[in-house]
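J.: My structure is in final_22.pdb, and what it holds is PDB, C-alpha atoms, pLDDT in the B column:
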ATOM      1  CA  MET G  65    -111.019-169.722   1.453  1.00 37.00           C
ATOM      2  CA  SER G  66    -113.909-170.685   3.672  1.00 40.00           C
ATOM      3  CA  THR G  67    -117.443-170.273   2.468  1.00 43.00           C
ATOM      4  CA  LEU G  68    -117.993-167.059   4.361  1.00 52.00           C
ATOM      5  CA  ASN G  69    -119.321-165.362   1.266  1.00 65.00           C
ATOM      6  CA  THR G  70    -123.036-165.040   0.762  1.00 87.00           C
ATOM      7  CA  TRP G  71    -123.856-165.432  -2.901  1.00 95.00           C
ATOM      8  CA  GLN G  72    -126.672-163.516  -4.481  1.00 97.00           C
ATOM      9  CA  VAL G  73    -128.358-164.204  -7.806  1.00 97.00           C
ATOM     10  CA  LYS G  74    -130.601-161.514  -9.248  1.00 98.00           C
ATOM     11  CA  THR G  75    -132.168-160.339 -12.470  1.00 98.00           C
ATOM     12  CA  PHE G  76    -131.470-156.789 -13.592  1.00 97.00           C
ATOM     13  CA  GLU G  77    -134.809-155.605 -12.182  1.00 97.00           C
ATOM     14  CA  GLN G  78    -133.991-157.144  -8.802  1.00 98.00           C
ATOM     15  CA  LEU G  79    -130.622-155.401  -8.476  1.00 98.00           C
ATOM     16  CA  SER G  80    -130.576-152.427  -6.157  1.00 97.00           C
ATOM     17  CA  LEU G  81    -128.984-149.246  -7.465  1.00 97.00           C
ATOM     18  CA  ASP G  82    -126.023-149.861  -5.152  1.00 97.00           C
ATOM     19  CA  GLU G  83    -125.574-153.434  -6.401  1.00 97.00           C
ATOM     20  CA  LEU G  84    -125.678-152.273 -10.023  1.00 96.00           C
ATOM     21  CA  TYR G  85    -123.182-149.502  -9.292  1.00 96.00           C
ATOM     22  CA  ASP G  86    -120.889-151.917  -7.428  1.00 97.00           C
ATOM     23  CA  ALA G  87    -120.975-154.481 -10.265  1.00 96.00           C
ATOM     24  CA  LEU G  88    -120.214-151.879 -12.919  1.00 94.00           C
ATOM     25  CA  LYS G  89    -117.459-150.353 -10.784  1.00 95.00           C
ATOM     26  CA  LEU G  90    -115.830-153.746 -10.246  1.00 95.00           C
ATOM     27  CA  ARG G  91    -116.014-154.539 -13.970  1.00 94.00           C
ATOM     28  CA  ILE G  92    -114.507-151.176 -14.923  1.00 92.00           C
ATOM     29  CA  ASP G  93    -111.818-151.332 -12.216  1.00 92.00           C
ATOM     30  CA  VAL G  94    -110.562-154.693 -13.475  1.00 90.00           C
ATOM     31  CA  PHE G  95    -111.412-154.974 -17.168  1.00 86.00           C
ATOM     32  CA  VAL G  96    -110.867-151.356 -18.204  1.00 81.00           C
ATOM     33  CA  VAL G  97    -108.378-149.931 -15.692  1.00 85.00           C
ATOM     34  CA  GLU G  98    -106.306-152.959 -14.583  1.00 84.00           C
ATOM     35  CA  GLN G  99    -106.335-154.800 -17.917  1.00 81.00           C
ATOM     36  CA  THR G 100    -106.350-151.592 -19.990  1.00 79.00           C
ATOM     37  CA  CYS G 101    -109.057-153.054 -22.178  1.00 76.00           C
ATOM     38  CA  TYR G 102    -111.231-150.341 -23.637  1.00 75.00           C
ATOM     39  CA  TYR G 103    -114.481-151.897 -24.754  1.00 75.00           C
ATOM     40  CA  PRO G 104    -118.210-151.133 -24.511  1.00 76.00           C
ATOM     41  CA  ASP G 105    -119.020-152.870 -21.217  1.00 80.00           C
ATOM     42  CA  LEU G 106    -122.611-151.636 -21.257  1.00 83.00           C
ATOM     43  CA  ASP G 107    -123.894-153.896 -24.021  1.00 90.00           C
ATOM     44  CA  ASN G 108    -127.588-154.114 -23.011  1.00 90.00           C
ATOM     45  CA  LEU G 109    -127.165-157.807 -22.106  1.00 94.00           C
ATOM     46  CA  ASP G 110    -127.229-156.952 -18.397  1.00 95.00           C
ATOM     47  CA  ARG G 111    -130.847-155.823 -18.795  1.00 95.00           C
ATOM     48  CA  HIS G 112    -132.064-158.880 -20.676  1.00 96.00           C
ATOM     49  CA  PRO G 113    -134.949-160.367 -18.631  1.00 96.00           C
ATOM     50  CA  GLU G 114    -133.278-163.790 -18.496  1.00 97.00           C
ATOM     51  CA  THR G 115    -129.803-162.567 -17.505  1.00 97.00           C
ATOM     52  CA  ARG G 116    -128.765-163.527 -13.993  1.00 98.00           C
ATOM     53  CA  HIS G 117    -126.172-161.553 -12.044  1.00 98.00           C
ATOM     54  CA  VAL G 118    -124.209-163.642  -9.548  1.00 98.00           C
ATOM     55  CA  PHE G 119    -122.156-161.767  -6.970  1.00 98.00           C
ATOM     56  CA  SER G 120    -120.809-161.612  -3.453  1.00 97.00           C
ATOM     57  CA  TYR G 121    -119.750-158.917  -0.995  1.00 97.00           C
ATOM     58  CA  ASN G 122    -117.046-159.129   1.644  1.00 95.00           C
ATOM     59  CA  ALA G 123    -117.444-158.150   5.303  1.00 92.00           C
ATOM     60  CA  ASN G 124    -116.680-154.526   4.391  1.00 93.00           C
ATOM     61  CA  ASN G 125    -119.704-154.412   2.080  1.00 94.00           C
ATOM     62  CA  GLU G 126    -117.484-154.343  -1.015  1.00 95.00           C
ATOM     63  CA  MET G 127    -118.466-156.411  -4.059  1.00 97.00           C
ATOM     64  CA  ILE G 128    -115.527-158.747  -4.620  1.00 97.00           C
ATOM     65  CA  ALA G 129    -116.903-161.334  -7.063  1.00 97.00           C
ATOM     66  CA  TYR G 130    -119.257-161.096 -10.009  1.00 98.00           C
ATOM     67  CA  LEU G 131    -120.375-162.799 -13.195  1.00 98.00           C
ATOM     68  CA  ARG G 132    -123.441-162.898 -15.367  1.00 98.00           C
ATOM     69  CA  ILE G 133    -125.316-165.827 -16.844  1.00 98.00           C
ATOM     70  CA  LEU G 134    -126.851-165.266 -20.260  1.00 98.00           C
ATOM     71  CA  ALA G 135    -129.707-167.330 -21.665  1.00 97.00           C
ATOM     72  CA  LYS G 136    -129.469-169.380 -24.833  1.00 95.00           C
ATOM     73  CA  GLY G 137    -129.850-167.064 -27.808  1.00 95.00           C
ATOM     74  CA  VAL G 138    -128.613-163.946 -25.990  1.00 95.00           C
ATOM     75  CA  CYS G 139    -124.863-164.327 -26.549  1.00 92.00           C
ATOM     76  CA  TYR G 140    -124.659-167.645 -28.405  1.00 94.00           C
ATOM     77  CA  GLN G 141    -127.552-168.852 -30.507  1.00 95.00           C
ATOM     78  CA  GLU G 142    -127.351-172.457 -29.322  1.00 96.00           C
ATOM     79  CA  TYR G 143    -126.002-172.173 -25.778  1.00 97.00           C
ATOM     80  CA  PRO G 144    -126.435-170.371 -22.472  1.00 98.00           C
ATOM     81  CA  ALA G 145    -123.259-168.510 -21.487  1.00 97.00           C
ATOM     82  CA  ILE G 146    -121.284-167.315 -18.504  1.00 98.00           C
ATOM     83  CA  GLY G 147    -119.431-164.037 -18.860  1.00 95.00           C
ATOM     84  CA  ARG G 148    -117.874-161.009 -17.172  1.00 94.00           C
ATOM     85  CA  VAL G 149    -116.274-163.346 -14.613  1.00 96.00           C
ATOM     86  CA  ILE G 150    -114.381-161.146 -12.200  1.00 96.00           C
ATOM     87  CA  ILE G 151    -112.718-161.147  -8.796  1.00 97.00           C
ATOM     88  CA  ALA G 152    -111.488-157.929  -7.172  1.00 96.00           C
ATOM     89  CA  GLY G 153    -107.680-157.750  -7.308  1.00 94.00           C
ATOM     90  CA  HIS G 154    -107.142-157.856  -3.550  1.00 95.00           C
ATOM     91  CA  ALA G 155    -109.470-160.872  -3.185  1.00 95.00           C
ATOM     92  CA  ARG G 156    -107.700-163.161  -5.682  1.00 95.00           C
ATOM     93  CA  GLY G 157    -105.760-166.290  -4.806  1.00 94.00           C
ATOM     94  CA  LYS G 158    -108.110-167.368  -2.025  1.00 93.00           C
ATOM     95  CA  GLY G 159    -110.428-169.735  -3.902  1.00 94.00           C
ATOM     96  CA  LEU G 160    -113.165-167.181  -4.448  1.00 96.00           C
ATOM     97  CA  ALA G 161    -113.185-167.648  -8.233  1.00 96.00           C
ATOM     98  CA  HIS G 162    -113.780-171.373  -7.772  1.00 96.00           C
ATOM     99  CA  GLN G 163    -116.699-170.635  -5.446  1.00 97.00           C
ATOM    100  CA  LEU G 164    -118.111-168.172  -7.979  1.00 97.00           C
ATOM    101  CA  ILE G 165    -117.935-170.667 -10.844  1.00 97.00           C
ATOM    102  CA  LYS G 166    -119.421-173.460  -8.723  1.00 97.00           C
ATOM    103  CA  LYS G 167    -122.313-171.204  -7.716  1.00 97.00           C
ATOM    104  CA  SER G 168    -122.901-170.177 -11.333  1.00 97.00           C
ATOM    105  CA  LEU G 169    -122.873-173.796 -12.517  1.00 97.00           C
ATOM    106  CA  VAL G 170    -125.518-174.681  -9.940  1.00 96.00           C
ATOM    107  CA  GLU G 171    -127.609-171.763 -11.236  1.00 97.00           C
ATOM    108  CA  CYS G 172    -127.068-172.836 -14.844  1.00 97.00           C
ATOM    109  CA  SER G 173    -128.067-176.390 -13.969  1.00 96.00           C
ATOM    110  CA  ASN G 174    -131.301-175.104 -12.403  1.00 96.00           C
ATOM    111  CA  LEU G 175    -132.075-172.659 -15.208  1.00 96.00           C
ATOM    112  CA  TYR G 176    -130.846-174.751 -18.152  1.00 96.00           C
ATOM    113  CA  PRO G 177    -130.829-178.425 -17.133  1.00 96.00           C
ATOM    114  CA  GLN G 178    -128.717-180.702 -19.327  1.00 96.00           C
ATOM    115  CA  GLN G 179    -127.657-177.849 -21.613  1.00 96.00           C
ATOM    116  CA  THR G 180    -124.117-177.169 -22.770  1.00 97.00           C
ATOM    117  CA  ILE G 181    -122.674-173.930 -21.353  1.00 98.00           C
ATOM    118  CA  LYS G 182    -120.320-171.875 -23.522  1.00 97.00           C
ATOM    119  CA  ILE G 183    -117.811-169.255 -22.434  1.00 97.00           C
ATOM    120  CA  SER G 184    -115.260-166.970 -24.031  1.00 96.00           C
ATOM    121  CA  ALA G 185    -112.324-167.327 -21.646  1.00 95.00           C
ATOM    122  CA  GLN G 186    -109.092-165.414 -21.448  1.00 94.00           C
ATOM    123  CA  GLN G 187    -106.580-167.940 -22.750  1.00 96.00           C
ATOM    124  CA  HIS G 188    -104.371-167.876 -19.649  1.00 94.00           C
ATOM    125  CA  LEU G 189    -107.362-169.080 -17.585  1.00 95.00           C
ATOM    126  CA  ALA G 190    -107.912-172.282 -19.583  1.00 96.00           C
ATOM    127  CA  GLN G 191    -106.610-174.548 -16.788  1.00 97.00           C
ATOM    128  CA  PHE G 192    -108.865-172.832 -14.236  1.00 97.00           C
ATOM    129  CA  TYR G 193    -111.938-173.520 -16.374  1.00 97.00           C
ATOM    130  CA  ASN G 194    -110.707-177.067 -17.154  1.00 97.00           C
ATOM    131  CA  GLU G 195    -110.888-177.733 -13.416  1.00 97.00           C
ATOM    132  CA  HIS G 196    -114.619-177.045 -13.627  1.00 97.00           C
ATOM    133  CA  GLY G 197    -115.165-179.330 -16.607  1.00 97.00           C
ATOM    134  CA  PHE G 198    -114.894-176.820 -19.460  1.00 98.00           C
ATOM    135  CA  LYS G 199    -113.100-177.978 -22.612  1.00 98.00           C
ATOM    136  CA  GLN G 200    -111.481-175.760 -25.215  1.00 97.00           C
ATOM    137  CA  CYS G 201    -113.439-175.726 -28.494  1.00 96.00           C
ATOM    138  CA  SER G 202    -111.651-173.069 -30.552  1.00 96.00           C
ATOM    139  CA  GLU G 203    -108.258-171.786 -31.470  1.00 97.00           C
ATOM    140  CA  MET G 204    -107.005-168.637 -29.763  1.00 97.00           C
ATOM    141  CA  TYR G 205    -108.619-165.419 -30.987  1.00 95.00           C
ATOM    142  CA  LEU G 206    -108.286-161.817 -29.922  1.00 93.00           C
ATOM    143  CA  GLU G 207    -111.223-160.247 -28.132  1.00 88.00           C
ATOM    144  CA  ASP G 208    -110.646-156.589 -27.365  1.00 83.00           C
ATOM    145  CA  GLY G 209    -106.921-157.176 -27.856  1.00 85.00           C
ATOM    146  CA  ILE G 210    -106.720-160.008 -25.280  1.00 89.00           C
ATOM    147  CA  PRO G 211    -106.098-163.671 -26.261  1.00 94.00           C
ATOM    148  CA  HIS G 212    -109.274-165.708 -25.688  1.00 95.00           C
ATOM    149  CA  ILE G 213    -110.532-169.205 -26.401  1.00 97.00           C
ATOM    150  CA  SER G 214    -114.050-170.605 -26.594  1.00 97.00           C
ATOM    151  CA  MET G 215    -114.791-173.322 -24.053  1.00 98.00           C
ATOM    152  CA  MET G 216    -117.795-175.547 -23.429  1.00 98.00           C
ATOM    153  CA  LEU G 217    -119.120-177.483 -20.493  1.00 97.00           C
ATOM    154  CA  ILE G 218    -121.100-180.417 -21.857  1.00 93.00           C
ATOM    155  CA  PRO G 219    -123.424-182.117 -19.374  1.00 88.00           C
TER     156      PRO G 219
END
Written as C-alpha cells, that's how I'd like the structure from this file.

T.:
Amino acid sequence: MSTLNTWQVKTFEQLSLDELYDALKLRIDVFVVEQTCYYPDLDNLDRHPETRHVFSYNANNEMIAYLRILAKGVCYQEYPAIGRVIIAGHARGKGLAHQLIKKSLVECSNLYPQQTIKISAQQHLAQFYNEHGFKQCSEMYLEDGIPHISMMLIP
C-alpha cells in the first residue's frame, strides 16, 4: 500500500467528537462484533492525559486504522504500551497495519526515548509484531477468551 494515508496523533482532549465516535465505532465493529469479544472497551485509559490516539482515515472519510499509546504506569507499571491496534476489515492485507505500527513506534520513540515498549498481542499476530522487533516474553494466556502473548520491543 502506498503512503496515501495521513496519520494523526492526538490526546483525548484534542480528538473531535467525530474522531472519538469513529474510533469507538471501529473498535466495537472489530473487537466486539467481528471477534465476538464482549469486554469493557471504555476503560478510562483513553482519557488519560498522556494517552495518544494514532489513526488514519481513507479517502471516503472513514477511519480505517487506529491504536492507542499508553504511558508508563498506565497499563504496565514499568513500560509504555501500545494497544487497541485495529484495521477495518475491508482495509486489511494492504500494508496498513505495518504503517500504523511504524508510525506508533516513531511516536513512542519521541515520547519515551530508549524505553522498552510492551504489548499484549493476539497470539496469531506474533509474527507480524516480530517483524517490527517485538519479542515474545510470556506464555500464551487468555484475555477476554482470546489467546494472547506479552511482547516487548527493547531499544

J.: Give me the result of the PyMOL selection byres ((chain G and resi 91-96) around 10) on this file, residue by residue, as a list in words.

T.: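 On the file shown, the PyMOL selection byres ((chain G and resi 91-96) around 10) covers Tyr85, Asp86, Ala87, Leu88, Lys89, Leu90, Val97, Glu98, Gln99, Thr100, Cys101, Tyr102, Tyr103, Pro104, Asp105, Ala129, Tyr130, Leu131, Arg148, Val149, Ile150, Ile151, Ala152 and Gly153 of chain G.
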
J.: Using the chain letters and numbering of this document, enumerate as a PyMOL selection string the residues selected by the PyMOL selection byres ((chain G and resi 136-147) around 10).

T.: chain G and resi 109+112+114-117+130-135+148-150+165+168-169+172+175-176+179-185+216-217

J.: From the set G:Gly197, G:Leu81, G:Arg156, G:Gln72, which residue has the shortest atom-to-atom contact distance to Phe119 of chain G, counting only C-alpha atoms?

T.: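 Of G:Gly197, G:Leu81, G:Arg156, G:Gln72, the one nearest Phe119 of chain G is G:Gln72, counting only C-alpha atoms.
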
J.: Between G:Leu79, G:Gln187, G:Ser120, G:Gly157, which is the closest to Gly209 of chain G once you count only C-alpha atoms?

T.: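 Looking only at the distances to Gly209 of chain G, the closest residue turns out to be G:Gln187.
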
J.: Mind pulling up the distance from atom CA of Pro113 of chain G to atom CA of Leu160 of chain G?

T.: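 Rounded to one decimal, the two atoms are 26.9 Å apart.
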
J.: Mind pulling up the distance from atom CA of Asn124 of chain G to atom CA of Asp107 of chain G?

T.: 29.3 Å

J.: Hey, can you check how far atom CA of Ser173 of chain G sits from atom CA of Ile218 of chain G?

T.: 11.3 Å

J.: Could you pull the residues within 10 Å of Tyr205 of chain G, counting all atoms listed in the file, minus those fewer than 5 positions along the same chain, as a list in words?

T.: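 Surrounding residues, per the criterion: Ser184, Gln186, Gln187, Ile210, Pro211, His212, Ile213 and Ser214 of chain G.
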
J.: Restricting it to C-alpha atoms, dump the selection as a PDB file, keeping the file's coordinate frame.

T.:
ATOM      1  CA  SER G 184    -115.260-166.970 -24.031  1.00 96.00           C
ATOM      2  CA  GLN G 186    -109.092-165.414 -21.448  1.00 94.00           C
ATOM      3  CA  GLN G 187    -106.580-167.940 -22.750  1.00 96.00           C
ATOM      4  CA  ILE G 210    -106.720-160.008 -25.280  1.00 89.00           C
ATOM      5  CA  PRO G 211    -106.098-163.671 -26.261  1.00 94.00           C
ATOM      6  CA  HIS G 212    -109.274-165.708 -25.688  1.00 95.00           C
ATOM      7  CA  ILE G 213    -110.532-169.205 -26.401  1.00 97.00           C
ATOM      8  CA  SER G 214    -114.050-170.605 -26.594  1.00 97.00           C
TER       9      SER G 214
END

J.: Given 4 Å on each side, where is the centre and what are the edge lengths in Å to one decimal of the axis-aligned box enclosing the listed atoms of segment 108-126 of chain G, as JSON?

T.:
{"center_x": -125.8, "center_y": -159.0, "center_z": -8.9, "size_x": 26.3, "size_y": 17.7, "size_z": 36.3}

J.: Counting all atoms listed in the file, which of G:Asn174, G:Ser202, G:Gln191, G:Thr70 gets nearest to Asn125 of chain G?

T.: G:Thr70

J.: Find, counting only C-alpha atoms, the residue in G:Val170, G:Ala161, G:Leu106, G:Ala155 that gets nearest to Val73 of chain G.

T.: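 Among the listed residues, the smallest separation from Val73 of chain G belongs to G:Val170.
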
J.: Saving segment 107-175 of chain G with C-alpha atoms, as a tab-separated table (two decimals), in the first residue's frame, what would that file be?

T.:
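Result file follows (out31.tsv):
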chain	number	residue	atom	x	y	z
G	107	ASP	CA	-11.77	1.58	30.40
G	108	ASN	CA	-10.95	5.26	31.13
G	109	LEU	CA	-7.45	4.82	29.65
G	110	ASP	CA	-8.50	6.70	26.51
G	111	ARG	CA	-8.93	9.84	28.63
G	112	HIS	CA	-5.60	9.63	30.43
G	113	PRO	CA	-3.74	12.91	29.71
G	114	GLU	CA	-0.69	11.05	28.39
G	115	THR	CA	-2.57	8.63	26.12
G	116	ARG	CA	-2.02	9.22	22.42
G	117	HIS	CA	-4.53	8.11	19.80
G	118	VAL	CA	-2.97	7.27	16.44
G	119	PHE	CA	-5.33	6.91	13.49
G	120	SER	CA	-5.93	7.38	9.80
G	121	TYR	CA	-8.91	7.95	7.51
G	122	ASN	CA	-9.33	6.78	3.94
G	123	ALA	CA	-10.44	8.95	1.01
G	124	ASN	CA	-14.08	8.34	1.96
G	125	ASN	CA	-13.52	9.93	5.37
G	126	GLU	CA	-13.80	6.56	7.13
G	127	MET	CA	-11.42	5.74	9.98
G	128	ILE	CA	-9.62	2.59	8.85
G	129	ALA	CA	-6.69	2.32	11.28
G	130	TYR	CA	-6.34	3.05	14.97
G	131	LEU	CA	-4.28	2.33	18.06
G	132	ARG	CA	-3.51	4.00	21.34
G	133	ILE	CA	-0.21	4.57	23.10
G	134	LEU	CA	-0.29	4.41	26.88
G	135	ALA	CA	2.33	5.98	29.12
G	136	LYS	CA	4.48	4.04	31.55
G	137	GLY	CA	2.45	3.30	34.65
G	138	VAL	CA	-0.94	3.47	32.91
G	139	CYS	CA	-1.21	-0.12	31.68
G	140	TYR	CA	2.12	-1.60	32.78
G	141	GLN	CA	3.95	-0.20	35.78
G	142	GLU	CA	7.38	-0.31	34.16
G	143	TYR	CA	6.66	0.19	30.46
G	144	PRO	CA	4.78	2.34	27.97
G	145	ALA	CA	2.32	0.26	25.92
G	146	ILE	CA	0.62	0.07	22.56
G	147	GLY	CA	-2.91	-1.28	22.48
G	148	ARG	CA	-6.26	-1.47	20.70
G	149	VAL	CA	-4.40	-1.99	17.41
G	150	ILE	CA	-7.03	-2.24	14.72
G	151	ILE	CA	-7.53	-2.12	10.97
G	152	ALA	CA	-11.00	-2.02	9.41
G	153	GLY	CA	-11.85	-5.39	7.85
G	154	HIS	CA	-12.06	-4.14	4.27
G	155	ALA	CA	-8.70	-2.33	4.59
G	156	ARG	CA	-6.63	-5.34	5.70
G	157	GLY	CA	-3.95	-7.05	3.64
G	158	LYS	CA	-2.63	-3.85	2.09
G	159	GLY	CA	0.21	-3.00	4.47
G	160	LEU	CA	-1.77	-0.52	6.52
G	161	ALA	CA	-1.09	-2.31	9.81
G	162	HIS	CA	2.65	-2.07	9.17
G	163	GLN	CA	2.31	1.66	8.52
G	164	LEU	CA	0.29	2.05	11.72
G	165	ILE	CA	2.87	0.24	13.84
G	166	LYS	CA	5.76	2.15	12.26
G	167	LYS	CA	4.01	5.45	12.96
G	168	SER	CA	3.31	4.43	16.56
G	169	LEU	CA	6.93	3.37	17.11
G	170	VAL	CA	8.12	6.77	15.90
G	171	GLU	CA	5.71	8.39	18.37
G	172	CYS	CA	6.87	6.10	21.18
G	173	SER	CA	10.49	6.91	20.37
G	174	ASN	CA	9.72	10.64	20.61
G	175	LEU	CA	7.62	10.34	23.76
